[in-house]
Structures are given as structure tokens and as C-alpha cells.
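Presented below is the structure to which this report refers.
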Amino acid sequence: MDEPVPRLGNPLAETEAIAFDLCVFLFRRGKTNGRYAVEAEELPEAMGINPTDLQKALQLGVERAWLEYAGLLLALRAAGIYVAKTVLDLPR
């Protein structure tokens with residue numbers, strides 16, 4: 001995976017950009033048991049993002065219905081798949 005890009009500026013925009021990255025990360029990882037999902041505890045190391053910023057992005061993703069917790073997993077919802085495909089410029 002590419003190195004994370006340092007972000008400067010508006011905190012909400014930074015959090016939103018990390019949430020976009022989360023959607024893309026989960027989408028690119030592929031499906032596990034029929035869902036785009038990952039164990040939540042794997043995310044800080046896999047994403048290379050500090051836990052505070054990651055937690056803010058997770059909260060935003062859940063609030064916007066892009067992400068959901070399914071037990072110990074973090075999964076993409078339909079809107080999150082749409083976000084990932086938009087970011088990756090794939091057919092939606």
C-alpha cells in the first residue's frame with residue numbers, strides 16, 4: 001500500500017479524507033465471508049494512521065452510513081462501496 005500522505009488544513013476535511021481512504025482500503029481488500037470487512041483491531045497498523053485520527057474517521061464513516069461494525073469486524077455498507085468506487089473512478 002502507498003505511504004500515507006500528510007494532510008494539512010481543515011480537520012473535518014482531513015477526517016473525511018481518512019474515511020474515504022478507509023472505504024477504499026476495505027474495498028481493495030476484497031470480500032471476507034461475502035462482505036468487504038476487516039477486523040477493527042488490524043486497522044491502525046494496516047492503514048498507518050494514528051489511532052486518534054482513525055477513530056474520528058471511523059466515527060464519521062459510521063455517521064454517514066459508509067461503515068458499520070459487525071461484531072469485531074468493520075464492514076463497508078452499500079454507501080461505502082459507492083464512495084470507494086467513486087474515489088477509484090470505477091463504474092457505480
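Quick note on naming: the chains in the C-alpha cells go A, B, ... in the order shown, residues restart at 1 in each chain, and ligands are numbered from 1 in order of appearance.
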
Can you check which parts of range 42-73 of chain A lie within 9 Å of range 14-25 of chain A? Per residue, the shortest pair of atoms and distance in Å to one decimal, counting only C-alpha atoms, sorted by chain and number, as CSV.
residue,atom,partner,partner_atom,distance
A:Leu43,CA,A:Leu22,CA,8.8
A:Met47,CA,A:Leu22,CA,7.8
A:Ile49,CA,A:Ile18,CA,8.6
A:Asp53,CA,A:Thr15,CA,6.8
A:Leu54,CA,A:Ile18,CA,7.2
A:Lys56,CA,A:Thr15,CA,6.3
A:Ala57,CA,A:Ala19,CA,4.8
A:Leu58,CA,A:Ala19,CA,6.5
A:Gln59,CA,A:Ala19,CA,8.8
A:Leu60,CA,A:Ala19,CA,7.0
A:Gly61,CA,A:Ala19,CA,5.8
A:Trp66,CA,A:Cys23,CA,7.4
A:Leu67,CA,A:Cys23,CA,7.7

Inset, instruction - Mind listing the strand (DSSP E or B) residues of range 14-65 of chain A, per DSSP on the backbone, as a list of chain:residue names? - result: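 Output for range 14-65 of chain A, strand (DSSP E or B) only: A:Lys31, A:Thr32, A:Arg35, A:Tyr36, A:Ala37, A:Val38, A:Glu39.
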
Filtering to C-alpha atoms, could you give me those residues as a short mmCIF file (atom, residue, chain, number, x, y, z; two decimals), in the first residue's frame?
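Result file is result-v4.cif:
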data_model
loop_
_atom_site.label_atom_id
_atom_site.label_comp_id
_atom_site.auth_asym_id
_atom_site.auth_seq_id
_atom_site.Cartn_x
_atom_site.Cartn_y
_atom_site.Cartn_z
CA LYS A 31 -14.68 -9.70 0.43
CA THR A 32 -14.41 -11.86 3.53
CA ARG A 35 -18.58 -8.74 2.95
CA TYR A 36 -15.96 -6.08 2.47
CA ALA A 37 -14.69 -6.25 6.04
CA VAL A 38 -11.61 -6.31 8.27
CA GLU A 39 -11.02 -6.91 11.96
#

Inset, instruction - Give me, please, the distance in Å between CA of Leu90 in chain A and CA of Pro11 in chain A, quoted to one decimal. - result: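 Going from CA of Leu90 in chain A over to CA of Pro11 in chain A covers 27.4 Å.
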
Legend entry - Atomic distance CA of Leu73 in chain A - CA of Ala40 in chain A, expressed in Å with one decimal: 5.4 Å

Inset, instruction - Would you list the contacts of Pro91 in chain A as a ChimeraX atom specification, taking every protein, DNA or RNA residue within 12 Å and counting only C-alpha atoms, but skipping same-chain residues closer than 5 positions in sequence? - result: /A:81-86

Legend entry - Minimum-distance residue to Val87 in chain A, chosen among A:Val62, A:Phe27, A:Glu45, A:Leu12 (using only C-alpha atoms):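 Among the listed residues, A:Phe27 lies closest to Val87 in chain A.
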
Inset, instruction - Would you mind reading off the distance between CA of Asp89 in chain A and CA of Gly48 in chain A, one decimal, in Å? - result: 23.4 Å

Inset, instruction - Check chain A with DSSP on the backbone and list each residue it calls alpha helix (DSSP H), as a PyMOL selection string. - result: chain A and resi 11-29+43-47+51-63+78-87
